[in-house]
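> As input, take final07.cif (mmCIF, C-alpha atoms and all ligand atoms):
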```
data_structure
#
loop_
_atom_site.label_atom_id
_atom_site.label_comp_id
_atom_site.auth_asym_id
_atom_site.auth_seq_id
_atom_site.Cartn_x
_atom_site.Cartn_y
_atom_site.Cartn_z
CA MET A 2 -190.52 -26.01 -146.44
CA SER A 3 -193.44 -25.53 -148.90
CA GLU A 4 -191.07 -24.75 -151.74
CA ILE A 5 -189.21 -28.04 -151.31
CA ASP A 6 -191.04 -31.35 -151.28
CA LEU A 7 -189.46 -32.99 -148.24
CA GLN A 8 -191.23 -36.28 -148.91
CA GLY A 9 -189.63 -36.31 -152.34
CA VAL A 10 -186.23 -35.57 -150.82
CA HIS A 11 -186.79 -38.41 -148.34
CA ASP A 12 -187.78 -40.87 -151.07
CA THR A 13 -184.72 -39.97 -153.15
CA LEU A 14 -182.39 -40.36 -150.15
CA VAL A 15 -183.89 -43.75 -149.26
CA SER A 16 -183.27 -44.94 -152.82
CA ILE A 17 -179.69 -43.64 -152.67
CA ALA A 18 -179.18 -45.29 -149.27
CA PHE A 19 -180.12 -48.72 -150.64
CA GLU A 20 -177.77 -48.25 -153.63
CA ALA A 21 -174.99 -47.24 -151.26
CA GLY A 22 -175.76 -50.25 -149.10
CA ARG A 23 -175.25 -52.56 -152.06
CA MET A 24 -171.91 -50.86 -152.80
CA ILE A 25 -170.77 -51.16 -149.18
CA LEU A 26 -171.71 -54.84 -148.94
CA ALA A 27 -169.96 -55.52 -152.26
CA ALA A 28 -166.62 -54.35 -150.84
CA ASP A 29 -164.21 -57.23 -150.22
CA PRO A 30 -163.84 -57.32 -146.41
CA ASN A 31 -160.43 -58.94 -146.83
CA ASN A 32 -159.18 -56.22 -149.12
CA ILE A 33 -160.54 -52.79 -148.36
CA PRO A 34 -158.00 -50.34 -149.80
CA GLN A 35 -157.63 -47.65 -147.22
CA GLY A 36 -155.69 -44.54 -146.46
CA ILE A 37 -155.40 -42.19 -143.56
CA LYS A 38 -156.29 -38.53 -143.05
CA LYS A 39 -155.18 -36.68 -139.92
CA ASN A 40 -153.48 -39.69 -138.37
CA THR A 41 -153.41 -43.51 -138.31
CA VAL A 42 -156.83 -43.80 -136.68
CA ASP A 43 -158.57 -41.37 -139.04
CA LEU A 44 -159.33 -43.84 -141.82
CA VAL A 45 -160.78 -43.48 -145.32
CA THR A 46 -161.38 -46.19 -147.89
CA GLU A 47 -161.96 -46.35 -151.62
CA ALA A 48 -165.52 -47.42 -150.76
CA ASP A 49 -166.11 -44.17 -148.83
CA GLN A 50 -164.98 -42.22 -151.88
CA ALA A 51 -166.88 -44.31 -154.43
CA VAL A 52 -170.11 -44.10 -152.45
CA GLU A 53 -169.79 -40.34 -152.09
CA ARG A 54 -169.22 -39.99 -155.84
CA MET A 55 -172.41 -41.95 -156.49
CA VAL A 56 -174.40 -39.89 -153.96
CA TYR A 57 -173.12 -36.61 -155.38
CA SER A 58 -173.89 -37.67 -158.95
CA ARG A 59 -177.46 -38.65 -158.16
CA LEU A 60 -178.18 -35.55 -156.09
CA CYS A 61 -176.69 -33.21 -158.71
CA THR A 62 -179.07 -34.78 -161.21
CA ASP A 63 -182.17 -34.73 -159.03
CA TYR A 64 -181.49 -31.50 -157.07
CA PRO A 65 -179.12 -29.35 -159.15
CA ASN A 66 -179.96 -26.18 -157.22
CA CYS A 67 -179.11 -27.57 -153.78
CA GLU A 68 -175.70 -27.40 -152.10
CA PHE A 69 -173.69 -30.49 -151.18
CA VAL A 70 -171.35 -31.09 -148.25
CA GLY A 71 -169.70 -34.49 -148.07
CA GLU A 72 -167.04 -35.92 -145.80
CA GLU A 73 -164.75 -37.01 -148.60
CA THR A 74 -164.90 -33.77 -150.60
CA TYR A 75 -164.96 -31.33 -147.69
CA VAL A 76 -162.11 -28.80 -147.63
CA ALA A 77 -161.25 -27.58 -144.14
CA GLY A 78 -161.51 -23.82 -143.84
CA GLU A 79 -163.33 -23.55 -147.19
CA THR A 80 -166.44 -25.79 -147.22
CA ARG A 81 -169.20 -24.17 -145.19
CA VAL A 82 -172.71 -25.15 -144.14
CA THR A 83 -174.85 -22.17 -145.20
CA ASP A 84 -178.54 -21.28 -145.02
CA ALA A 85 -179.06 -22.72 -148.49
CA PRO A 86 -180.84 -26.06 -148.90
CA THR A 87 -177.93 -28.46 -148.49
CA PHE A 88 -177.37 -32.22 -148.59
CA ILE A 89 -174.93 -33.12 -145.82
CA VAL A 90 -173.56 -36.60 -146.36
CA ASP A 91 -171.31 -39.19 -144.77
CA PRO A 92 -170.94 -42.02 -147.27
CA ILE A 93 -169.76 -44.50 -144.65
CA ASP A 94 -170.13 -43.44 -141.04
CA GLY A 95 -168.23 -45.92 -138.92
CA THR A 96 -165.38 -46.39 -141.35
CA THR A 97 -163.17 -47.97 -138.70
CA ASN A 98 -165.84 -50.60 -138.04
CA PHE A 99 -166.20 -51.12 -141.80
CA VAL A 100 -162.45 -51.70 -142.18
CA HIS A 101 -162.49 -54.23 -139.34
CA GLY A 102 -165.63 -56.00 -140.56
CA TYR A 103 -167.59 -54.97 -137.47
CA PRO A 104 -171.22 -54.65 -138.68
CA HIS A 105 -171.94 -51.23 -137.17
CA ALA A 106 -171.57 -48.70 -139.98
CA CYS A 107 -174.02 -46.79 -142.13
CA ILE A 108 -174.57 -44.22 -144.80
CA SER A 109 -175.86 -40.95 -143.36
CA LEU A 110 -177.84 -38.70 -145.70
CA GLY A 111 -179.09 -35.42 -144.25
CA PHE A 112 -180.87 -32.46 -145.80
CA ALA A 113 -180.70 -29.07 -144.07
CA VAL A 114 -182.36 -25.72 -144.73
CA CYS A 115 -181.25 -22.59 -142.87
CA ARG A 116 -178.79 -24.84 -141.06
CA LYS A 117 -181.58 -26.97 -139.58
CA SER A 118 -181.87 -30.67 -140.43
CA VAL A 119 -185.27 -31.32 -142.03
CA VAL A 120 -184.78 -34.79 -143.57
CA GLY A 121 -182.62 -37.62 -142.32
CA VAL A 122 -181.92 -41.08 -143.73
CA VAL A 123 -179.47 -43.46 -142.03
CA TYR A 124 -179.00 -47.00 -143.32
CA ASN A 125 -176.92 -49.82 -141.81
CA PRO A 126 -176.65 -52.34 -144.67
CA PHE A 127 -174.94 -54.94 -142.49
CA LEU A 128 -178.01 -55.31 -140.28
CA ASP A 129 -180.43 -54.06 -142.96
CA ILE A 130 -181.86 -51.40 -140.65
CA LEU A 131 -183.12 -48.08 -142.05
CA TYR A 132 -183.84 -44.97 -139.95
CA THR A 133 -185.74 -42.08 -141.49
CA GLY A 134 -187.15 -38.74 -140.41
CA ILE A 135 -188.95 -35.85 -142.07
CA GLN A 136 -189.60 -32.55 -140.29
CA GLY A 137 -193.15 -32.59 -138.96
CA LYS A 138 -193.80 -36.17 -140.04
CA GLY A 139 -192.08 -38.21 -137.36
CA SER A 140 -189.19 -40.64 -137.54
CA TYR A 141 -189.10 -44.39 -138.08
CA MET A 142 -187.00 -47.52 -137.95
CA GLN A 143 -187.40 -50.32 -140.46
CA ARG A 144 -185.88 -53.78 -140.31
CA SER A 145 -185.59 -55.70 -143.57
CA ALA A 146 -185.64 -52.34 -145.24
CA ALA A 147 -186.14 -53.96 -148.60
CA GLN A 148 -189.67 -54.74 -147.42
CA THR A 149 -191.65 -51.54 -147.50
CA THR A 150 -194.86 -52.97 -146.03
CA PRO A 151 -196.10 -50.52 -143.39
CA ASN A 152 -195.98 -53.05 -140.61
CA GLN A 153 -192.23 -53.17 -140.96
CA LYS A 154 -191.99 -49.50 -139.91
CA GLN A 155 -191.78 -48.65 -136.22
CA ARG A 156 -192.27 -45.04 -135.12
CA LEU A 157 -189.60 -43.61 -132.81
CA PRO A 158 -189.08 -43.65 -129.90
CA LEU A 159 -189.78 -47.37 -129.84
CA ALA A 160 -191.02 -47.33 -126.25
CA GLY A 161 -194.18 -45.31 -126.36
CA ARG A 162 -194.71 -46.29 -130.00
CA GLY A 163 -193.61 -42.94 -131.28
CA ASP A 164 -194.94 -40.86 -128.42
CA ALA A 165 -192.10 -39.40 -126.35
CA GLN A 166 -194.63 -38.55 -123.63
CA ALA A 167 -195.36 -42.27 -123.28
CA ALA A 168 -191.66 -43.22 -123.21
CA PRO A 169 -189.93 -44.00 -119.88
CA ALA A 170 -188.93 -40.90 -117.95
CA LEU A 171 -185.27 -39.92 -117.82
CA GLN A 172 -184.00 -40.58 -114.29
CA GLY A 173 -180.64 -38.87 -114.30
CA LEU A 174 -177.19 -40.02 -115.36
CA GLY A 175 -177.08 -42.67 -112.61
CA LYS A 176 -179.71 -44.61 -114.55
CA ALA A 177 -178.50 -43.72 -118.05
CA LEU A 178 -176.83 -45.63 -120.89
CA VAL A 179 -174.50 -43.06 -122.41
CA GLY A 180 -172.98 -43.06 -125.90
CA VAL A 181 -169.48 -41.65 -126.20
CA GLU A 182 -166.70 -41.82 -128.80
CA TRP A 183 -162.91 -41.67 -128.63
CA GLY A 184 -162.68 -39.90 -131.98
CA SER A 185 -159.42 -39.47 -133.82
CA ASP A 186 -157.74 -36.85 -131.59
CA ARG A 187 -155.63 -39.00 -129.24
CA GLN A 188 -153.58 -36.32 -127.49
CA GLY A 189 -153.93 -32.70 -126.37
CA ASN A 190 -156.65 -30.74 -124.59
CA ASN A 191 -159.67 -32.28 -126.33
CA PHE A 192 -158.46 -35.81 -125.63
CA ASP A 193 -157.66 -34.98 -122.00
CA VAL A 194 -161.13 -33.43 -121.49
CA LYS A 195 -162.79 -36.53 -122.95
CA VAL A 196 -160.79 -39.01 -120.85
CA GLY A 197 -161.55 -37.04 -117.69
CA VAL A 198 -165.27 -36.87 -118.46
CA PHE A 199 -165.41 -40.59 -119.33
CA GLN A 200 -163.84 -41.37 -115.94
CA ARG A 201 -166.20 -39.11 -114.01
CA LEU A 202 -169.25 -40.45 -115.86
CA ALA A 203 -168.33 -44.02 -114.95
CA ALA A 204 -166.86 -43.52 -111.44
CA ALA A 205 -168.75 -44.30 -108.24
CA LYS A 206 -170.36 -41.37 -106.47
CA ASN A 207 -167.76 -41.44 -103.69
CA ALA A 208 -164.75 -42.24 -105.85
CA ALA A 209 -161.49 -40.75 -104.62
CA PHE A 210 -159.76 -38.41 -107.02
CA SER A 211 -156.30 -36.92 -106.78
CA GLU A 212 -157.62 -33.57 -107.89
CA GLN A 213 -159.28 -31.49 -105.21
CA PRO A 214 -162.04 -30.60 -104.73
CA THR A 215 -163.32 -33.98 -105.88
CA PRO A 216 -165.28 -33.41 -109.08
CA PRO A 217 -168.86 -34.67 -109.36
CA THR A 218 -169.17 -38.24 -110.63
CA ALA A 219 -172.25 -39.93 -112.10
CA MET A 220 -171.78 -43.72 -112.01
CA VAL A 221 -173.82 -44.08 -115.19
CA HIS A 222 -175.25 -47.52 -115.97
CA SER A 223 -172.56 -47.75 -118.64
CA LEU A 224 -170.78 -46.07 -121.52
CA ARG A 225 -171.00 -47.32 -125.12
CA SER A 226 -168.49 -46.37 -127.82
CA LEU A 227 -169.89 -47.98 -130.97
CA GLY A 228 -168.02 -45.97 -133.63
CA SER A 229 -170.76 -44.18 -135.57
CA ALA A 230 -172.17 -40.78 -134.61
CA ALA A 231 -175.11 -41.24 -136.98
CA LEU A 232 -176.07 -44.60 -135.48
CA ASN A 233 -175.58 -43.16 -131.99
CA PHE A 234 -178.10 -40.43 -132.82
CA CYS A 235 -180.49 -43.10 -134.12
CA ALA A 236 -180.05 -45.20 -130.97
CA VAL A 237 -180.90 -42.13 -128.86
CA ALA A 238 -183.89 -41.39 -131.12
CA ALA A 239 -185.08 -44.98 -130.68
CA GLY A 240 -184.71 -44.66 -126.90
CA GLN A 241 -182.08 -47.41 -126.80
CA MET A 242 -179.51 -44.96 -125.41
CA ASP A 243 -180.45 -42.12 -123.07
CA CYS A 244 -177.89 -39.65 -124.38
CA TYR A 245 -174.78 -39.38 -126.54
CA TRP A 246 -171.89 -36.96 -126.02
CA GLU A 247 -169.16 -36.13 -128.50
CA GLY A 248 -166.88 -33.34 -129.55
CA GLY A 249 -164.97 -33.45 -132.82
CA CYS A 250 -167.31 -35.18 -135.22
CA TYR A 251 -168.75 -33.13 -138.05
CA ALA A 252 -172.04 -31.93 -139.54
CA TRP A 253 -172.09 -34.91 -141.94
CA ASP A 254 -171.90 -37.31 -138.98
CA VAL A 255 -174.94 -35.77 -137.25
CA CYS A 256 -177.18 -34.00 -139.77
CA ALA A 257 -179.41 -36.95 -140.68
CA GLY A 258 -179.56 -38.26 -137.12
CA TRP A 259 -180.46 -34.82 -135.80
CA CYS A 260 -183.74 -34.76 -137.75
CA ILE A 261 -184.48 -38.37 -136.78
CA LEU A 262 -183.86 -37.53 -133.10
CA SER A 263 -185.89 -34.29 -133.17
CA GLU A 264 -188.84 -36.07 -134.76
CA ALA A 265 -188.66 -38.65 -131.95
CA GLY A 266 -189.03 -35.92 -129.31
CA GLY A 267 -185.34 -35.64 -128.50
CA PHE A 268 -183.03 -32.64 -128.67
CA VAL A 269 -179.38 -31.66 -128.98
CA ALA A 270 -177.51 -29.41 -126.56
CA SER A 271 -173.85 -28.47 -126.85
CA GLY A 272 -171.13 -30.89 -125.83
CA ASN A 273 -169.60 -27.94 -123.96
CA PRO A 274 -171.54 -26.56 -120.98
CA GLY A 275 -173.88 -23.64 -121.43
CA ASP A 276 -175.17 -23.74 -125.02
CA TRP A 277 -178.70 -25.05 -125.49
CA ASP A 278 -178.77 -24.41 -129.23
CA PRO A 279 -175.58 -25.68 -130.88
CA ALA A 280 -175.04 -25.11 -134.58
CA LEU A 281 -175.29 -28.07 -136.94
CA ASP A 282 -171.55 -27.74 -137.67
CA SER A 283 -170.50 -26.84 -134.10
CA ARG A 284 -168.72 -30.21 -133.69
CA LEU A 285 -169.91 -30.26 -130.06
CA TYR A 286 -173.02 -32.33 -129.33
CA LEU A 287 -175.00 -33.77 -126.43
CA ALA A 288 -178.01 -35.66 -127.85
CA VAL A 289 -180.84 -36.56 -125.45
CA ARG A 290 -183.72 -38.95 -126.09
CA GLY A 291 -187.37 -37.97 -126.08
CA ALA A 292 -189.05 -38.45 -122.71
CA PRO A 293 -191.94 -37.04 -120.64
CA SER A 294 -189.52 -34.95 -118.60
CA GLY A 295 -186.00 -34.65 -117.35
CA GLY A 296 -184.12 -33.82 -120.49
CA LYS A 297 -182.91 -30.43 -119.33
CA GLU A 298 -182.06 -31.75 -115.86
CA LEU A 299 -179.98 -34.52 -117.41
CA VAL A 300 -178.11 -32.01 -119.58
CA GLU A 301 -177.40 -29.81 -116.56
CA GLU A 302 -176.19 -32.86 -114.62
CA PHE A 303 -173.97 -33.83 -117.56
CA TRP A 304 -172.56 -30.33 -117.82
CA SER A 305 -171.83 -30.37 -114.08
CA VAL A 306 -169.76 -33.55 -114.57
CA ILE A 307 -167.82 -31.79 -117.34
CA GLY A 308 -167.47 -28.90 -114.94
CA ASP A 309 -164.35 -26.75 -115.19
CA SER A 310 -162.35 -29.58 -116.79
CA GLY A 311 -161.84 -27.39 -119.82
CA LYS A 312 -163.82 -26.80 -122.94
CA MET A 313 -163.27 -28.81 -126.10
CA VAL A 314 -162.19 -26.62 -129.01
CA TYR A 315 -162.41 -27.60 -132.70
CA GLU A 316 -161.64 -25.82 -135.95
CA HIS A 317 -164.25 -25.78 -138.72
C1 LIG B 401 -166.72 -41.29 -137.25
C2 LIG B 401 -167.78 -40.68 -136.37
C3 LIG B 401 -167.49 -40.90 -134.90
C4 LIG B 401 -166.13 -40.34 -134.55
C5 LIG B 401 -165.06 -40.99 -135.41
C6 LIG B 401 -165.35 -40.81 -136.89
P1 LIG B 401 -166.39 -41.72 -139.85
O1 LIG B 401 -167.03 -40.95 -138.58
O2 LIG B 401 -169.03 -41.25 -136.67
O3 LIG B 401 -168.46 -40.27 -134.10
O4 LIG B 401 -165.85 -40.57 -133.20
O5 LIG B 401 -163.81 -40.39 -135.12
O6 LIG B 401 -165.24 -39.46 -137.22
O7 LIG B 401 -165.01 -41.19 -139.96
O8 LIG B 401 -166.42 -43.17 -139.57
O9 LIG B 401 -167.25 -41.32 -141.01
#
```
Please go through the file and, once you have read it, give me the structure as structure tokens.
Ligand code: LIP

Amino acid sequence: MSEIDLQGVHDTLVSIAFEAGRMILAADPNNIPQGIKKNTVDLVTEADQAVERMVYSRLCTDYPNCEFVGEETYVAGETRVTDAPTFIVDPIDGTTNFVHGYPHACISLGFAVCRKSVVGVVYNPFLDILYTGIQGKGSYMQRSAAQTTPNQKQRLPLAGRGDAQAAPALQGLGKALVGVEWGSDRQGNNFDVKVGVFQRLAAAKNAAFSEQPTPPTAMVHSLRSLGSAALNFCAVAAGQMDCYWEGGCYAWDVCAGWCILSEAGGFVASGNPGDWDPALDSRLYLAVRGAPSGGKELVEEFWSVIGDSGKMVYEH
């Protein structure tokens, strides 16, 4: 990316993230004007829209020749992620948590070139935790993000102090903490696939199932549904979750986290079996933390649990 100064992009996105954080914290938790999109669980607030307007305005000024894709201005069937240098932005990821005052939401600011995420900035203003990544320069977590002293920055993954080869080995789904999300589709094929996979991930190895033959089960350590794809990616990058599986979220939910995860030695396979190289806007993701070994085996085990339960299908 010699023609684009990725450090400069990073620095601009960090500045924008802090400004967005101030806007998010300034919202009155007792009166967050909200609307709905697809249905009553697909929420949007005036804060989402105001933050995205601010982000768009600043990026148009600083990077007028780059493309912009944002959750609140996206037009289904029209807006496309292209090869062009593009900012891919979710102004508030975890909107449902934000509406309920649950302090697990963030702004997610990604920058992609040729559909690959090369800079990621994710900031949770409620806990004042900043995650950043630049292609080829590693990824980091900062607490008290307002303090920029170097000792506040921790290289990811946390275990191994930034070296995935020194992180704990992956030991299969039976020893994994797995991130999942319910999403906003609450009926139909995609919902049924998710519910079935959640059950098989959690069920004991010898659990009885009505369907025959009994599908493989994993008895994972546990499932976590925390409400933010971006923060799920960051938790996997940090090594605090072993993997995260979702279908239905969008490029703006994952772009920033994808760079942060890749720079921490992790990778993303498809949320449907068989695709090791999903597109940024595929809406089907299985994120796996950096480790000395076992990533591919864990993906293959996960895909075997999904099995022939049906593939998730999403429009773009
Ligand atoms: C959310 C995603 C999450 C998904 C939710 C929602 P939002 O993004 O981060 O992964 O399950 O349905 O899409 O809407 O809070 O920006």
> Could you tell me how far CA of Trp304 in chain A lies from CA of Val198 in chain A, in Å and to one decimal?
9.8 Å
> Write out as CSV a residue-level contact list of chain A versus ligand LIG 401 (chain B) with cut-off 10 Å: for each qualifying residue the closest pair of atoms and the distance in Å to one decimal, counting only C-alpha atoms and all ligand atoms, rows sorted by chain and residue number upward.

```
residue,atom,partner,partner_atom,distance
A:Lys38,CA,B:LIG401,O7,9.6
A:Val42,CA,B:LIG401,O5,7.9
A:Asp43,CA,B:LIG401,O7,6.5
A:Leu44,CA,B:LIG401,O7,6.5
A:Val45,CA,B:LIG401,O7,7.2
A:Asp49,CA,B:LIG401,O9,8.4
A:Glu72,CA,B:LIG401,O9,7.2
A:Glu73,CA,B:LIG401,O9,9.1
A:Val90,CA,B:LIG401,O9,9.5
A:Asp91,CA,B:LIG401,O9,5.9
A:Pro92,CA,B:LIG401,O9,7.3
A:Ile93,CA,B:LIG401,O9,5.4
A:Asp94,CA,B:LIG401,O9,3.6
A:Gly95,CA,B:LIG401,O8,3.4
A:Thr96,CA,B:LIG401,O8,3.8
A:Thr97,CA,B:LIG401,O8,5.9
A:Asn98,CA,B:LIG401,O8,7.6
A:Phe99,CA,B:LIG401,O8,8.3
A:Val100,CA,B:LIG401,O8,9.8
A:Ala106,CA,B:LIG401,O8,7.6
A:Cys107,CA,B:LIG401,O9,8.8
A:Ile108,CA,B:LIG401,O9,8.7
A:Ser109,CA,B:LIG401,O9,8.9
A:Gly180,CA,B:LIG401,O3,9.8
A:Val181,CA,B:LIG401,O4,8.0
A:Glu182,CA,B:LIG401,O4,4.7
A:Trp183,CA,B:LIG401,O4,5.5
A:Gly184,CA,B:LIG401,O5,3.4
A:Ser185,CA,B:LIG401,O5,4.7
A:Asp186,CA,B:LIG401,O5,7.9
A:Ser226,CA,B:LIG401,O4,8.3
A:Leu227,CA,B:LIG401,O3,8.4
A:Gly228,CA,B:LIG401,C3,5.3
A:Ser229,CA,B:LIG401,O2,3.6
A:Ala230,CA,B:LIG401,O3,3.8
A:Ala231,CA,B:LIG401,O2,6.1
A:Leu232,CA,B:LIG401,O2,7.9
A:Asn233,CA,B:LIG401,O3,8.0
A:Phe234,CA,B:LIG401,O3,9.7
A:Tyr245,CA,B:LIG401,O3,9.9
A:Trp246,CA,B:LIG401,O3,9.4
A:Glu247,CA,B:LIG401,O3,7.0
A:Gly248,CA,B:LIG401,O4,8.2
A:Gly249,CA,B:LIG401,O4,7.2
A:Cys250,CA,B:LIG401,O6,5.2
A:Tyr251,CA,B:LIG401,O6,7.3
A:Trp253,CA,B:LIG401,O9,8.1
A:Asp254,CA,B:LIG401,O2,5.4
A:Val255,CA,B:LIG401,O2,8.1
```
> Could you write out that same residue set with C-alpha atoms as a compact mmCIF listing (two decimals), keeping the file's coordinate frame?

```txt
# COMPACT_ATOMS: atom_id res chain seq x y z
CA LYS A 38 -156.29 -38.53 -143.05
CA VAL A 42 -156.83 -43.80 -136.68
CA ASP A 43 -158.57 -41.37 -139.04
CA LEU A 44 -159.33 -43.84 -141.82
CA VAL A 45 -160.78 -43.48 -145.32
CA ASP A 49 -166.11 -44.17 -148.83
CA GLU A 72 -167.04 -35.92 -145.80
CA GLU A 73 -164.75 -37.01 -148.60
CA VAL A 90 -173.56 -36.60 -146.36
CA ASP A 91 -171.31 -39.19 -144.77
CA PRO A 92 -170.94 -42.02 -147.27
CA ILE A 93 -169.76 -44.50 -144.65
CA ASP A 94 -170.13 -43.44 -141.04
CA GLY A 95 -168.23 -45.92 -138.92
CA THR A 96 -165.38 -46.39 -141.35
CA THR A 97 -163.17 -47.97 -138.70
CA ASN A 98 -165.84 -50.60 -138.04
CA PHE A 99 -166.20 -51.12 -141.80
CA VAL A 100 -162.45 -51.70 -142.18
CA ALA A 106 -171.57 -48.70 -139.98
CA CYS A 107 -174.02 -46.79 -142.13
CA ILE A 108 -174.57 -44.22 -144.80
CA SER A 109 -175.86 -40.95 -143.36
CA GLY A 180 -172.98 -43.06 -125.90
CA VAL A 181 -169.48 -41.65 -126.20
CA GLU A 182 -166.70 -41.82 -128.80
CA TRP A 183 -162.91 -41.67 -128.63
CA GLY A 184 -162.68 -39.90 -131.98
CA SER A 185 -159.42 -39.47 -133.82
CA ASP A 186 -157.74 -36.85 -131.59
CA SER A 226 -168.49 -46.37 -127.82
CA LEU A 227 -169.89 -47.98 -130.97
CA GLY A 228 -168.02 -45.97 -133.63
CA SER A 229 -170.76 -44.18 -135.57
CA ALA A 230 -172.17 -40.78 -134.61
CA ALA A 231 -175.11 -41.24 -136.98
CA LEU A 232 -176.07 -44.60 -135.48
CA ASN A 233 -175.58 -43.16 -131.99
CA PHE A 234 -178.10 -40.43 -132.82
CA TYR A 245 -174.78 -39.38 -126.54
CA TRP A 246 -171.89 -36.96 -126.02
CA GLU A 247 -169.16 -36.13 -128.50
CA GLY A 248 -166.88 -33.34 -129.55
CA GLY A 249 -164.97 -33.45 -132.82
CA CYS A 250 -167.31 -35.18 -135.22
CA TYR A 251 -168.75 -33.13 -138.05
CA TRP A 253 -172.09 -34.91 -141.94
CA ASP A 254 -171.90 -37.31 -138.98
CA VAL A 255 -174.94 -35.77 -137.25
```
> One decimal, Å: what's the distance from CA of Asp84 in chain A over to CA of Glu68 in chain A, could you say?
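CA of Glu68 in chain A lies at a distance of 9.8 Å from CA of Asp84 in chain A.
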> Anything within 8 Å of (-173.8, -30.3, -124.1): list those residues as an MDAnalysis selection string, counting all atoms listed in the file and sticking to the file's coordinates.
chainID A and resid 246 269:277 285:288 300 303:304
> CA of Ala265 in chain A to CA of Leu171 in chain A: how many Å, to one decimal?
14.6 Å
> (-161.5, -53.7, -144.4) in this file's frame - what residues fall within 7 Å of it? Use all atoms listed in the file and give the answer as a list of chain:residue names.
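Residues lying no farther than 7 Å from the given point: A:Pro30, A:Asn31, A:Asn32, A:Ile33, A:Phe99, A:Val100, A:His101, A:Gly102.
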> Which is closer to Gln188 in chain A than all the others in A:Arg156, A:Pro217, A:Asn40, A:Arg23, using only C-alpha atoms?
A:Asn40
> Give the answer as one residue: which of A:Ile130, A:Pro86, A:Glu4, A:Pro65 has the shortest atom-to-atom distance to Phe19 in chain A, using all atoms listed in the file?
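Of all the options, A:Ile130 lies closest to Phe19 in chain A.
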> Which residue gives the smallest distance to Cys260 in chain A among A:Val120, A:Pro104, A:Gly137, A:Ala208, with all atoms listed in the file counted?
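Among A:Val120, A:Pro104, A:Gly137, A:Ala208, it is A:Val120 that comes nearest to Cys260 in chain A.
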> Nearest residue to Val221 in chain A out of A:Ile25, A:Cys235, A:Val194, A:Leu299, using only C-alpha atoms?
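Checking each of A:Ile25, A:Cys235, A:Val194, A:Leu299 against Val221 in chain A, counting only C-alpha atoms, the winner is A:Leu299.
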> Would you pick out the contacts of Glu47 in chain A at 8 Å or less, using all atoms listed in the file, so that residues sharing its chain but fewer than 3 positions from it are not included, and give the list as a ChimeraX atom specification?
/A:33-35,50-51
> Would you compute, for all listed atoms of range 194-198 of chain A, the axis-aligned bounding box grown by 6 Å on each side, and then report its centre and edge lengths in Å rounded to one decimal, as JSON?

```
{"center_x": -163.0, "center_y": -36.2, "center_z": -120.3, "size_x": 16.5, "size_y": 17.6, "size_z": 17.3}
```
> Given all atoms listed in the file as the basis, pick out the residue of A:Leu14, A:Leu60, A:Ile5, A:Ala170 nearest to Val289 in chain A.
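For Val289 in chain A, the nearest of the candidates is A:Ala170.
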> Give me the residues near Leu157 in chain A as a list of chain:residue names, where near means some atom within 6 Å (using only C-alpha atoms) and where sequence neighbours in that chain fewer than 4 positions away do not count.
A:Ser140, A:Tyr141, A:Gly163, A:Ala239, A:Ala265
